[in-house]
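**Student:** One structure, pasted below without further comment.
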Amino acid sequence: MDILYCKGYIKKRYPIYISEITEFSDLFSLLPEKPRKFVIIDAAVRSNFTHLAESLATSPDYIISIEASEENKSFESLEAVLQKLFTLKPDKSDVVTVVGGGVLLNLGGLAASLVTRGLRFYYVPTTLTAQIDVCMGSKQAVNFNGAKNWIGVFNDPEFCYINARFTDTQTEADIRSQSIEGIKLCLASNKKQFEASMADIENISTSTMHRSNFITNMIKAKIEVVAEDLLEKQHGVSMLYGHTVGHAIEMLAPQEVNHGIGVGIGMLVAARISRALGLANEDLVAVHLGVLQKLGLPTTIPATLKPEAILKQLHYDKKNFNGKTPFVLLKQVGEMAKNGEGYLIPVEEQQILKALKESY
Ligand SMILES: NC(=O)c1ccc[n+]([C@@H]2O[C@H](COP(=O)([O-])OP(=O)(O)OC[C@H]3O[C@@H](n4cnc5c(N)ncnc54)[C@H](O)[C@@H]3O)[C@@H](O)[C@H]2O)c1
């Protein structure tokens with residue numbers, strides 16, 4: 001097992017164990033013997049990986065299964081988990097292993113953080129998104145009254161265990177689109193890991209070995225961002241690259257455009273804006289097109305969406321100021337354009353519209 005370390009919010013750092021693509025025996029060896037071990041697990045993962053939850057918990061009664069979905073990332077689910085934990089009477093020495101995608105890590109991490117002012121917990125992320133993104137950054141949260149991640153705390157797991165084997169049961173389409181959050185970070189702030197990942201991206205949806213290499217490179221990139229700017233005020237805005245237009249398209253056409261597809265197209269539009277503003281040259285646009293093509297992801301906005309409708313949707317962007325929409329823009333791969341002390345560049349509507357129209 002390789003070990004990387006991620007800066008925490010409470011802890012100075014916590015280990016991220018990157019396993020060989022084996023079965024999960026090395027995970028079991030990381031668990032302490034003595035305290036009682038509870039498990040909060042995604043119901044789909046529990047049925048895909050039989051006996052896993054039973055091997056992680058002290059007793060089958062200590063396993064809490066949750067159907068993972070954005071709707072279930074709710075106060076009601078949190079309360080259900082807390083009620084179940086209450087009946088089990090955990091004490092400070094007990095531990096909780098949280099197993100699943102981003103929804104489970106956020107929900108289970110929050111529940112563990114609240115019980116008796118904080119039980120120790122371990123992260124076992126099982127989706128690509130959870131492995132390359134969610135398990136670093138210390139955010140534990142659930143949605144509330146339609147507001148995303150409205151109830152939450154910052155807290156850190158004791159460790160995180162990564163095994164690419166978990167992602168074998170995801171669909172190829174999910175793996176390709178979920179890879180974008182990692183690629184986005186590297187395009188915006190880490191040329192070295194971007195270049196390292198290029199050897200693997202064509203095969204990430206079909207080869208566990210390539211996916212495992214990719215995951216390790218993406219974790220290294222995210223660890224660097226978290227170390228510099230955990231609260232995403234400065235350099236950490238690289239996390240937002242592609243999200244301005246991406247989020248608008250995703251909101252307008254949720255059936256056709258999932259989050260990864262939206263961010264992929266959003267990055268391409270941002271690269272075109274960079275070029276139009278003279279911040280970058282044509283090469284940057286070509287790199288973006290090349291990555292999306294290698295991943296087999298869409299490179300155009302769905303024809304059903306009119307550019308004016310996307311522009312209108314951008315008016316709701318919380319970051320808007322003086323009638324302009326702030327974008328994360330790149331000068332080149334791995335380098336964001338600066339605006340004074342910050343990295344958000346206000347862009348005129350006409351420039352956005354032009355870049356949108358080029359993207360059909
Ligand atoms: N920093 C952060 O905390 C952070 C960062 C990014 C995303 N998020 C959050 O993460 C969530 C999205 O994460 P996600 O995409 O993992 O969603 P998810 O947890 O809802 O998982 C998506 C689907 O995949 C299933 N699944 C989980 N593991 C699987 C596996 N190994 N094989 C097959 N199916 C599996 C789940 O049951 C679910 O149906 C959002 O709520 C988002 O807000 C948080």
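Following the order of the structure tokens, chains are lettered A, B, ..., residues in each are numbered from 1, and ligands are numbered from 1.
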Would you list, as a PDB file with all heavy atoms, in the first residue's frame, the residues of segment 165-340 of chain A that end up in strand (DSSP E) under DSSP run on this structure's backbone?
**Tutor:**
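Below is the file that was written, part28.pdb:
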```
ATOM      1  N   THR A 325     -20.040  38.349 -15.197  1.00  0.00           N
ATOM      2  CA  THR A 325     -19.967  37.051 -14.531  1.00  0.00           C
ATOM      3  C   THR A 325     -18.496  36.678 -14.344  1.00  0.00           C
ATOM      4  O   THR A 325     -17.748  36.620 -15.330  1.00  0.00           O
ATOM      5  CB  THR A 325     -20.673  35.964 -15.377  1.00  0.00           C
ATOM      6  OG1 THR A 325     -22.021  36.396 -15.602  1.00  0.00           O
ATOM      7  CG2 THR A 325     -20.683  34.631 -14.665  1.00  0.00           C
ATOM      8  N   PRO A 326     -18.072  36.425 -13.113  1.00  0.00           N
ATOM      9  CA  PRO A 326     -16.665  36.049 -12.887  1.00  0.00           C
ATOM     10  C   PRO A 326     -16.388  34.604 -13.307  1.00  0.00           C
ATOM     11  O   PRO A 326     -17.152  33.695 -12.970  1.00  0.00           O
ATOM     12  CB  PRO A 326     -16.482  36.212 -11.380  1.00  0.00           C
ATOM     13  CG  PRO A 326     -17.704  36.896 -10.887  1.00  0.00           C
ATOM     14  CD  PRO A 326     -18.795  36.576 -11.852  1.00  0.00           C
ATOM     15  N   PHE A 327     -15.304  34.417 -14.028  1.00  0.00           N
ATOM     16  CA  PHE A 327     -14.885  33.091 -14.490  1.00  0.00           C
ATOM     17  C   PHE A 327     -13.487  32.773 -13.968  1.00  0.00           C
ATOM     18  O   PHE A 327     -12.657  33.671 -13.840  1.00  0.00           O
ATOM     19  CB  PHE A 327     -14.793  33.059 -16.029  1.00  0.00           C
ATOM     20  CG  PHE A 327     -16.093  32.799 -16.719  1.00  0.00           C
ATOM     21  CD1 PHE A 327     -17.079  33.787 -16.773  1.00  0.00           C
ATOM     22  CD2 PHE A 327     -16.332  31.577 -17.339  1.00  0.00           C
ATOM     23  CE1 PHE A 327     -18.273  33.560 -17.424  1.00  0.00           C
ATOM     24  CE2 PHE A 327     -17.530  31.339 -18.001  1.00  0.00           C
ATOM     25  CZ  PHE A 327     -18.505  32.333 -18.038  1.00  0.00           C
ATOM     26  N   VAL A 328     -13.241  31.472 -13.728  1.00  0.00           N
ATOM     27  CA  VAL A 328     -11.861  31.007 -13.600  1.00  0.00           C
ATOM     28  C   VAL A 328     -11.380  30.802 -15.032  1.00  0.00           C
ATOM     29  O   VAL A 328     -11.993  30.049 -15.794  1.00  0.00           O
ATOM     30  CB  VAL A 328     -11.789  29.670 -12.814  1.00  0.00           C
ATOM     31  CG1 VAL A 328     -10.361  29.154 -12.776  1.00  0.00           C
ATOM     32  CG2 VAL A 328     -12.351  29.840 -11.413  1.00  0.00           C
ATOM     33  N   LEU A 330      -7.850  30.321 -17.758  1.00  0.00           N
ATOM     34  CA  LEU A 330      -6.458  29.866 -17.752  1.00  0.00           C
ATOM     35  C   LEU A 330      -5.606  30.662 -18.736  1.00  0.00           C
ATOM     36  O   LEU A 330      -6.101  31.103 -19.779  1.00  0.00           O
ATOM     37  CB  LEU A 330      -6.380  28.376 -18.142  1.00  0.00           C
ATOM     38  CG  LEU A 330      -7.260  27.395 -17.371  1.00  0.00           C
ATOM     39  CD1 LEU A 330      -6.873  25.961 -17.735  1.00  0.00           C
ATOM     40  CD2 LEU A 330      -7.159  27.614 -15.878  1.00  0.00           C
ATOM     41  N   LYS A 331      -4.334  30.798 -18.383  1.00  0.00           N
ATOM     42  CA  LYS A 331      -3.370  31.348 -19.346  1.00  0.00           C
ATOM     43  C   LYS A 331      -2.772  30.195 -20.146  1.00  0.00           C
ATOM     44  O   LYS A 331      -2.473  30.309 -21.315  1.00  0.00           O
ATOM     45  CB  LYS A 331      -2.256  32.101 -18.610  1.00  0.00           C
ATOM     46  CG  LYS A 331      -2.763  33.406 -17.990  1.00  0.00           C
ATOM     47  CD  LYS A 331      -1.755  34.025 -17.081  1.00  0.00           C
ATOM     48  CE  LYS A 331      -0.721  34.819 -17.867  1.00  0.00           C
ATOM     49  NZ  LYS A 331       0.161  35.571 -16.930  1.00  0.00           N
ATOM     50  N   GLN A 332      -2.568  29.105 -19.465  1.00  0.00           N
ATOM     51  CA  GLN A 332      -2.085  27.869 -20.088  1.00  0.00           C
ATOM     52  C   GLN A 332      -2.411  26.715 -19.144  1.00  0.00           C
ATOM     53  O   GLN A 332      -2.887  26.951 -18.021  1.00  0.00           O
ATOM     54  CB  GLN A 332      -0.584  27.951 -20.349  1.00  0.00           C
ATOM     55  CG  GLN A 332       0.197  28.214 -19.083  1.00  0.00           C
ATOM     56  CD  GLN A 332       1.690  28.283 -19.320  1.00  0.00           C
ATOM     57  OE1 GLN A 332       2.199  27.719 -20.265  1.00  0.00           O
ATOM     58  NE2 GLN A 332       2.392  28.967 -18.445  1.00  0.00           N
ATOM     59  N   GLU A 335      -2.002  26.919 -15.213  1.00  0.00           N
ATOM     60  CA  GLU A 335      -1.826  28.299 -14.730  1.00  0.00           C
ATOM     61  C   GLU A 335      -3.100  29.118 -14.918  1.00  0.00           C
ATOM     62  O   GLU A 335      -3.526  29.391 -16.048  1.00  0.00           O
ATOM     63  CB  GLU A 335      -0.673  28.992 -15.479  1.00  0.00           C
ATOM     64  CG  GLU A 335      -0.366  30.346 -14.880  1.00  0.00           C
ATOM     65  CD  GLU A 335       0.687  31.153 -15.660  1.00  0.00           C
ATOM     66  OE1 GLU A 335       1.222  30.644 -16.668  1.00  0.00           O
ATOM     67  OE2 GLU A 335       0.928  32.300 -15.276  1.00  0.00           O
ATOM     68  N   MET A 336      -3.684  29.527 -13.784  1.00  0.00           N
ATOM     69  CA  MET A 336      -4.887  30.366 -13.854  1.00  0.00           C
ATOM     70  C   MET A 336      -4.487  31.824 -14.057  1.00  0.00           C
ATOM     71  O   MET A 336      -3.461  32.267 -13.536  1.00  0.00           O
ATOM     72  CB  MET A 336      -5.678  30.257 -12.542  1.00  0.00           C
ATOM     73  CG  MET A 336      -6.308  28.907 -12.328  1.00  0.00           C
ATOM     74  SD  MET A 336      -7.334  28.890 -10.847  1.00  0.00           S
ATOM     75  CE  MET A 336      -6.127  28.886  -9.551  1.00  0.00           C
TER      76      MET A 336
END
```
**Student:** As a list in words, please: the residues near Glu349 of chain A (cut-off 9 Å, only C-alpha atoms, same-chain neighbours under 3 positions excluded).
**Tutor:**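 Near neighbours after the sequence-gap exclusion: Leu311, Gly323, Lys324, Thr325, Ile352, Leu353 and Lys354 of chain A.
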**Student:** Go through A:Asp61, A:Asp283, A:Glu33, A:Asp174 and flag the residue nearest ligand 1, using only C-alpha atoms and all ligand atoms for the distances.
**Tutor:**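 Smallest separation from ligand 1 among the options: A:Asp174.
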**Student:** Using only C-alpha atoms and all ligand atoms, determine which residues fall within 8 Å of ligand 1, then list them as a ChimeraX atom specification.
**Tutor:** /A:42-45,48,67-70,73,100-106,125-130,133-142,148-149,166-171,178
**Student:** Find the distance between atom CA of Ala271 of chain A and atom CA of Asn258 of chain A and write it in Å to one decimal.
**Tutor:** 20.1 Å
**Student:** I need the residues in segment 188-338 of chain A that are helix (DSSP H, G or I) according to DSSP; give them as number ranges by chain.
**Tutor:** A: 188-189, 191-201, 208-229, 235-240, 243-252, 259-276, 282-295, 307-314
**Student:** Which residues, written as a ChimeraX atom specification, have at least one atom at most 9 Å from Leu119 of chain A, with only C-alpha atoms counted and residues fewer than 3 positions away on the same chain left out?
**Tutor:** /A:90-96,111-116
**Student:** Would you write out those residues with C-alpha atoms, as a short mmCIF file (atom, residue, chain, number, x, y, z; two decimals), in the first residue's frame?
**Tutor:**
```cif
data_model
loop_
_atom_site.label_atom_id
_atom_site.label_comp_id
_atom_site.auth_asym_id
_atom_site.auth_seq_id
_atom_site.Cartn_x
_atom_site.Cartn_y
_atom_site.Cartn_z
CA PRO A 90 -21.61 4.35 21.03
CA ASP A 91 -18.91 5.78 23.26
CA LYS A 92 -15.80 7.80 22.49
CA SER A 93 -13.61 4.75 21.92
CA ASP A 94 -15.85 3.34 19.14
CA VAL A 95 -15.15 3.86 15.43
CA VAL A 96 -17.31 4.28 12.33
CA ALA A 111 -23.31 11.78 11.53
CA ALA A 112 -20.05 10.50 13.04
CA SER A 113 -18.91 14.08 13.69
CA LEU A 114 -22.09 14.93 15.63
CA VAL A 115 -22.51 11.87 17.86
CA THR A 116 -21.14 12.50 21.35
#
```
**Student:** At a cut-off of 12 Å, using only C-alpha atoms, what residues contact Gln293 of chain A? Leave out same-chain residues fewer than 3 positions from it and give the result as a PyMOL selection string.
**Tutor:** chain A and resi 176-177+201-202+261+264-265+268+286-290+296-300
**Student:** Select, from A:Asn163, A:Asn339, A:Gln83, A:Ser359, the residue with the minimum atom-to-atom distance to Lys306 of chain A, counting only C-alpha atoms.
**Tutor:**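 For Lys306 of chain A, the nearest of the candidates is A:Ser359.
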**Student:** Segment 106-197 of chain A near segment 221-241 of chain A within 12 Å: what's each residue's closest atom pair and its distance in Å to one decimal, counting only C-alpha atoms, ordered by chain then ascending residue number, as JSON lines?
**Tutor:**
```
{"residue": "A:Thr129", "atom": "CA", "partner": "A:Lys222", "partner_atom": "CA", "distance": 11.9}
{"residue": "A:Gln131", "atom": "CA", "partner": "A:Lys222", "partner_atom": "CA", "distance": 10.6}
{"residue": "A:Ile132", "atom": "CA", "partner": "A:Lys222", "partner_atom": "CA", "distance": 7.5}
{"residue": "A:Asp133", "atom": "CA", "partner": "A:Lys222", "partner_atom": "CA", "distance": 7.0}
{"residue": "A:Val134", "atom": "CA", "partner": "A:Lys222", "partner_atom": "CA", "distance": 9.9}
{"residue": "A:Cys135", "atom": "CA", "partner": "A:Lys222", "partner_atom": "CA", "distance": 9.9}
{"residue": "A:Met136", "atom": "CA", "partner": "A:Ile223", "partner_atom": "CA", "distance": 7.0}
{"residue": "A:Gly137", "atom": "CA", "partner": "A:Val226", "partner_atom": "CA", "distance": 6.2}
{"residue": "A:Ser138", "atom": "CA", "partner": "A:Leu230", "partner_atom": "CA", "distance": 8.4}
{"residue": "A:Lys139", "atom": "CA", "partner": "A:Leu231", "partner_atom": "CA", "distance": 9.8}
{"residue": "A:Phe154", "atom": "CA", "partner": "A:Leu231", "partner_atom": "CA", "distance": 10.0}
{"residue": "A:Asn155", "atom": "CA", "partner": "A:Leu230", "partner_atom": "CA", "distance": 11.9}
{"residue": "A:Ile180", "atom": "CA", "partner": "A:Tyr241", "partner_atom": "CA", "distance": 10.6}
{"residue": "A:Glu181", "atom": "CA", "partner": "A:Met239", "partner_atom": "CA", "distance": 8.0}
{"residue": "A:Gly182", "atom": "CA", "partner": "A:Lys222", "partner_atom": "CA", "distance": 7.8}
{"residue": "A:Ile183", "atom": "CA", "partner": "A:Ala221", "partner_atom": "CA", "distance": 9.4}
{"residue": "A:Lys184", "atom": "CA", "partner": "A:Tyr241", "partner_atom": "CA", "distance": 6.3}
{"residue": "A:Leu185", "atom": "CA", "partner": "A:Met239", "partner_atom": "CA", "distance": 5.9}
{"residue": "A:Cys186", "atom": "CA", "partner": "A:Ala221", "partner_atom": "CA", "distance": 6.5}
{"residue": "A:Leu187", "atom": "CA", "partner": "A:Tyr241", "partner_atom": "CA", "distance": 8.6}
{"residue": "A:Ala188", "atom": "CA", "partner": "A:Ser238", "partner_atom": "CA", "distance": 5.5}
{"residue": "A:Ser189", "atom": "CA", "partner": "A:Ser238", "partner_atom": "CA", "distance": 6.4}
{"residue": "A:Asn190", "atom": "CA", "partner": "A:Ala221", "partner_atom": "CA", "distance": 6.4}
{"residue": "A:Lys191", "atom": "CA", "partner": "A:Ala221", "partner_atom": "CA", "distance": 9.4}
{"residue": "A:Lys192", "atom": "CA", "partner": "A:Ala221", "partner_atom": "CA", "distance": 8.8}
{"residue": "A:Gln193", "atom": "CA", "partner": "A:Ala221", "partner_atom": "CA", "distance": 6.3}
{"residue": "A:Phe194", "atom": "CA", "partner": "A:Ala221", "partner_atom": "CA", "distance": 8.7}
{"residue": "A:Glu195", "atom": "CA", "partner": "A:Ala221", "partner_atom": "CA", "distance": 11.5}
{"residue": "A:Ala196", "atom": "CA", "partner": "A:Ala221", "partner_atom": "CA", "distance": 10.7}
{"residue": "A:Ser197", "atom": "CA", "partner": "A:Ala221", "partner_atom": "CA", "distance": 10.6}
```
**Student:** So, with only C-alpha atoms as the atoms that count, which of A:Glu358, A:Ser19, A:Ile10, A:Arg46 lies closest to Val153 of chain A?
**Tutor:**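 That would be A:Ile10, the residue with the smallest distance to Val153 of chain A.
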**Student:** How far is it from atom CA of Ser205 of chain A to atom CA of Val39 of chain A, in Å with one decimal?
**Tutor:**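 Atom-to-atom, atom CA of Ser205 of chain A and atom CA of Val39 of chain A are spaced 28.5 Å apart.
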**Student:** Can you tell me, as a ChimeraX atom specification, what residues are no more than 10 Å from Leu52 of chain A when counting only C-alpha atoms, ignoring any on the same chain fewer than 4 positions away?
**Tutor:** /A:24-25,28,41,45-48,56-57,99
